[in-house]
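Engineer: Below are the structure tokens for one structure; questions will follow.
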Amino acid sequence: MDHLKNLVKRVLSDSAFHRLKSWNQTMRNKVFAAQKITEMRYGDFVLAIPQNHLLLSFRDTQEYRDRNLAMTAKFLGEKYPEAQIVDIGANIGDTAALMATQVRNPLVLIEASDYFFELLQKNALQFPNKVNLLKVLIGD
């Protein structure tokens with residue numbers, strides 16, 4: 001695929017290449033956003049999740065993937081019960097769901113994507129914790 005990308009880049013002007021690249025990303029985003037939403041139990045919660053989300057495939061191949069995070073949240077929550085837990089790149093709220101299953105610490109959930117932020121808002125309504133949602137991009 002890199003060979004094709006390099007060939008196209010050599011043939012097109014820089015501006016045409018960047019327009020084509022932008023169009024391609026727009027089309028990929030539209031296809032992704034058009035997928036159906038399904039549900040998945042994660043921790044104590046049932047989350048709305050895109051049907052092609054990687055987390056669904058991890059469930060089948062990495063059945064213990066979430067246990068370390070849940071245990072870490074439990075022990076940190078016990079040690080620092082008033083501390084806020086920050087999740088940068090919260091996506092659909094899957095990590096937050098595991099934390100909310102274990103602790104009642106306030107959660108700060110940060111997600112930049114319009115698409116995922118909408119799902120995060122819906123999923124976060126279930127959490128008993130105080131939740132602060134931020135739709136921002138963290139970067140330099």
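So you can find residues: chains in the structure tokens are A, B, ... in the order shown, residues in each start at 1, and ligands are numbered from 1 in order.
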Using DSSP on the backbone coordinates, identify all residues within segment 6-139 of chain A classified as alpha helix (DSSP H); present the result as a VMD selection string.
Structural biologist: chain A and resid 6 to 11 14 to 33 54 to 61 67 to 79 94 to 102 114 to 124
Engineer: Kindly save the residues from that selection, with C-alpha atoms included, as a compact mmCIF listing (two decimals), in the first residue's frame.
Structural biologist:
# COMPACT_ATOMS: atom_id res chain seq x y z
CA ASN A 6 4.22 6.96 -2.97
CA LEU A 7 3.38 6.55 -6.68
CA VAL A 8 0.23 8.67 -6.37
CA LYS A 9 2.17 11.28 -4.42
CA ARG A 10 4.81 11.50 -7.16
CA VAL A 11 2.21 11.82 -9.93
CA ASP A 14 1.13 18.42 -3.41
CA SER A 15 -2.20 20.23 -3.25
CA ALA A 16 -3.98 17.56 -5.34
CA PHE A 17 -2.44 14.80 -3.22
CA HIS A 18 -3.60 16.47 0.01
CA ARG A 19 -7.12 16.99 -1.42
CA LEU A 20 -7.25 13.30 -2.40
CA LYS A 21 -5.96 12.28 1.02
CA SER A 22 -8.55 14.50 2.73
CA TRP A 23 -11.36 13.13 0.54
CA ASN A 24 -10.26 9.56 1.33
CA GLN A 25 -10.32 10.27 5.08
CA THR A 26 -13.74 11.91 4.77
CA MET A 27 -15.12 8.84 2.98
CA ARG A 28 -13.60 6.49 5.59
CA ASN A 29 -15.17 8.60 8.37
CA LYS A 30 -18.59 8.51 6.68
CA VAL A 31 -18.46 4.72 6.31
CA PHE A 32 -17.35 4.38 9.94
CA ALA A 33 -20.07 6.73 11.21
CA LEU A 54 -11.94 -3.27 18.11
CA LEU A 55 -13.10 -3.82 21.69
CA LEU A 56 -15.60 -6.39 20.44
CA SER A 57 -12.82 -8.49 18.88
CA PHE A 58 -10.65 -8.11 22.00
CA ARG A 59 -13.48 -9.59 24.05
CA ASP A 60 -13.09 -12.86 22.18
CA THR A 61 -9.29 -12.99 22.06
CA ARG A 67 -8.88 -7.12 34.82
CA ASN A 68 -5.61 -5.28 35.43
CA LEU A 69 -7.21 -1.89 34.87
CA ALA A 70 -10.12 -2.76 37.14
CA MET A 71 -7.78 -3.94 39.93
CA THR A 72 -5.59 -0.84 39.59
CA ALA A 73 -8.64 1.43 39.76
CA LYS A 74 -9.89 -0.40 42.85
CA PHE A 75 -6.65 0.01 44.79
CA LEU A 76 -6.06 3.62 43.74
CA GLY A 77 -9.67 4.48 44.57
CA GLU A 78 -9.26 3.00 48.04
CA LYS A 79 -6.01 4.87 48.63
CA ASP A 94 -15.11 1.51 28.25
CA THR A 95 -12.20 2.31 30.58
CA ALA A 96 -14.48 4.61 32.59
CA ALA A 97 -17.00 1.78 32.89
CA LEU A 98 -14.36 -0.46 34.43
CA MET A 99 -13.30 2.29 36.82
CA ALA A 100 -16.91 3.10 37.75
CA THR A 101 -17.47 -0.59 38.46
CA GLN A 102 -14.73 -0.50 41.09
CA ASP A 114 -17.50 14.09 17.64
CA TYR A 115 -18.54 10.52 16.83
CA PHE A 116 -17.13 8.89 19.97
CA PHE A 117 -18.05 11.82 22.25
CA GLU A 118 -21.72 11.28 21.43
CA LEU A 119 -21.46 7.61 22.48
CA LEU A 120 -19.41 8.56 25.54
CA GLN A 121 -22.14 10.99 26.66
CA LYS A 122 -24.77 8.29 26.36
CA ASN A 123 -22.70 5.64 28.13
CA ALA A 124 -21.55 7.94 30.95
Engineer: Please, what distance in Å, to one decimal, runs between atom CA of Val46 of chain A and atom CA of Asn91 of chain A?
Structural biologist: 14.9 Å
Engineer: Considering only C-alpha atoms, return as a list in words whatever protein or nucleic-acid residues lie within 7 Å of Ile37 of chain A, sequence-local ones (same chain, fewer than 4 positions apart) excluded.
Structural biologist: Ala48, Ile49, Pro50 and Gln51 of chain A
Engineer: Set the distance at 8 Å and use only C-alpha atoms: which residues neighbour Pro106 of chain A once local chain neighbours fewer than 3 positions away are removed? I'd like the list as a list in words.
Structural biologist: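 My reading of the contact set: Glu82, Ala83, Gln84, Ile85, Asn129, Lys130, Val131 and Asn132 of chain A.
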Engineer: Export C-alpha atoms of the chosen residues as an mmCIF file, in the first residue's frame?
Structural biologist:
data_model
loop_
_atom_site.group_PDB
_atom_site.id
_atom_site.type_symbol
_atom_site.label_atom_id
_atom_site.label_comp_id
_atom_site.auth_asym_id
_atom_site.auth_seq_id
_atom_site.Cartn_x
_atom_site.Cartn_y
_atom_site.Cartn_z
ATOM 1 C CA GLU A 82 -11.509 11.883 46.722
ATOM 2 C CA ALA A 83 -9.065 12.059 43.799
ATOM 3 C CA GLN A 84 -10.367 12.633 40.305
ATOM 4 C CA ILE A 85 -9.508 9.971 37.750
ATOM 5 C CA ASN A 129 -19.703 8.562 39.780
ATOM 6 C CA LYS A 130 -19.652 12.320 39.357
ATOM 7 C CA VAL A 131 -18.621 12.641 35.697
ATOM 8 C CA ASN A 132 -17.124 15.644 33.928
#
Engineer: Taking only C-alpha atoms into account, name the residue in A:Leu125, A:Phe45, A:Val103, A:Leu137 that is nearest to Gly89 of chain A.
Structural biologist: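 Among A:Leu125, A:Phe45, A:Val103, A:Leu137, it is A:Leu137 that comes nearest to Gly89 of chain A.
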Engineer: Looking at A:Ala34, A:Met40, A:Leu47, A:Ile138, which one is nearest to Ile88 of chain A, with distances taken over only C-alpha atoms?
Structural biologist: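 Selected residue with least distance to Ile88 of chain A: A:Ile138.
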Engineer: Neighbouring residues of Asp87 of chain A were defined as those with any atom within 9 Å, considering only C-alpha atoms; residues of the same chain fewer than 5 positions away were excluded. Please report them as a VMD selection string.
Structural biologist: chain A and resid 93 95 to 96 107 to 111
Engineer: Pick out each residue of segment 27-134 of chain A that DSSP on the backbone tags as strand (DSSP E); I need them as a list in words.
Structural biologist: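 After running DSSP on the backbone, segment 27-134 of chain A has strand (DSSP E) at Ile37, Thr38, Glu39, Met40, Arg41, Tyr42, Phe45, Val46, Leu47, Ala48, Ile49, Pro50, Ile85, Val86, Asp87, Ile88, Leu107, Val108, Leu109, Ile110, Val131, Asn132, Leu133 and Leu134 of chain A.
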Engineer: Can you write just those residues out, N, CA, C and O atoms, as a short mmCIF file (atom, residue, chain, number, x, y, z; two decimals), in the first residue's frame?
Structural biologist:
data_model
loop_
_atom_site.label_atom_id
_atom_site.label_comp_id
_atom_site.auth_asym_id
_atom_site.auth_seq_id
_atom_site.Cartn_x
_atom_site.Cartn_y
_atom_site.Cartn_z
N ILE A 37 -24.93 0.63 15.69
CA ILE A 37 -24.50 0.62 17.10
C ILE A 37 -25.10 -0.62 17.74
O ILE A 37 -26.27 -0.94 17.55
N THR A 38 -24.27 -1.32 18.49
CA THR A 38 -24.73 -2.49 19.22
C THR A 38 -24.45 -2.26 20.70
O THR A 38 -24.07 -1.16 21.08
N GLU A 39 -24.65 -3.25 21.51
CA GLU A 39 -24.40 -3.12 22.95
C GLU A 39 -23.41 -4.17 23.41
O GLU A 39 -23.34 -5.26 22.84
N MET A 40 -22.68 -3.82 24.45
CA MET A 40 -21.69 -4.73 25.02
C MET A 40 -21.64 -4.52 26.53
O MET A 40 -21.56 -3.37 26.98
N ARG A 41 -21.70 -5.59 27.28
CA ARG A 41 -21.54 -5.47 28.73
C ARG A 41 -20.05 -5.31 29.02
O ARG A 41 -19.23 -6.06 28.54
N TYR A 42 -19.74 -4.29 29.81
CA TYR A 42 -18.35 -4.02 30.20
C TYR A 42 -18.37 -3.55 31.64
O TYR A 42 -18.98 -2.52 31.95
N PHE A 45 -21.80 -2.33 33.38
CA PHE A 45 -22.60 -1.48 32.52
C PHE A 45 -22.77 -2.10 31.13
O PHE A 45 -21.96 -2.89 30.68
N VAL A 46 -23.84 -1.70 30.46
CA VAL A 46 -24.07 -2.09 29.07
C VAL A 46 -23.81 -0.85 28.22
O VAL A 46 -24.54 0.14 28.31
N LEU A 47 -22.75 -0.92 27.43
CA LEU A 47 -22.31 0.24 26.65
C LEU A 47 -22.79 0.17 25.21
O LEU A 47 -22.82 -0.90 24.60
N ALA A 48 -23.16 1.33 24.67
CA ALA A 48 -23.42 1.46 23.24
C ALA A 48 -22.05 1.48 22.56
O ALA A 48 -21.16 2.22 22.97
N ILE A 49 -21.90 0.66 21.52
CA ILE A 49 -20.60 0.50 20.88
C ILE A 49 -20.79 0.27 19.38
O ILE A 49 -21.71 -0.45 18.99
N PRO A 50 -19.95 0.87 18.53
CA PRO A 50 -20.06 0.62 17.10
C PRO A 50 -19.82 -0.87 16.81
O PRO A 50 -18.97 -1.50 17.44
N ILE A 85 -10.19 10.85 38.69
CA ILE A 85 -9.51 9.97 37.75
C ILE A 85 -9.75 10.54 36.35
O ILE A 85 -10.89 10.78 35.96
N VAL A 86 -8.67 10.76 35.61
CA VAL A 86 -8.74 11.37 34.29
C VAL A 86 -8.49 10.31 33.23
O VAL A 86 -7.51 9.57 33.29
N ASP A 87 -9.38 10.25 32.24
CA ASP A 87 -9.23 9.34 31.11
C ASP A 87 -9.14 10.19 29.85
O ASP A 87 -10.13 10.74 29.39
N ILE A 88 -7.92 10.32 29.32
CA ILE A 88 -7.70 11.08 28.09
C ILE A 88 -7.83 10.12 26.91
O ILE A 88 -7.15 9.11 26.86
N LEU A 107 -14.90 11.20 37.87
CA LEU A 107 -14.23 10.87 36.61
C LEU A 107 -14.21 12.09 35.69
O LEU A 107 -15.22 12.77 35.54
N VAL A 108 -13.07 12.33 35.09
CA VAL A 108 -12.93 13.36 34.06
C VAL A 108 -12.65 12.60 32.77
O VAL A 108 -11.61 11.97 32.63
N LEU A 109 -13.61 12.64 31.85
CA LEU A 109 -13.52 11.86 30.62
C LEU A 109 -13.34 12.81 29.44
O LEU A 109 -14.19 13.67 29.19
N ILE A 110 -12.22 12.66 28.73
CA ILE A 110 -11.85 13.57 27.65
C ILE A 110 -11.84 12.81 26.33
O ILE A 110 -11.19 11.77 26.20
N VAL A 131 -19.34 12.70 36.98
CA VAL A 131 -18.62 12.64 35.70
C VAL A 131 -18.54 14.04 35.09
O VAL A 131 -19.55 14.73 34.98
N ASN A 132 -17.34 14.41 34.67
CA ASN A 132 -17.12 15.64 33.93
C ASN A 132 -16.63 15.25 32.53
O ASN A 132 -15.56 14.68 32.39
N LEU A 133 -17.46 15.53 31.51
CA LEU A 133 -17.12 15.20 30.13
C LEU A 133 -16.53 16.42 29.44
O LEU A 133 -17.11 17.51 29.52
N LEU A 134 -15.42 16.23 28.75
CA LEU A 134 -14.78 17.32 28.02
C LEU A 134 -14.53 16.88 26.58
O LEU A 134 -13.87 15.86 26.35
#
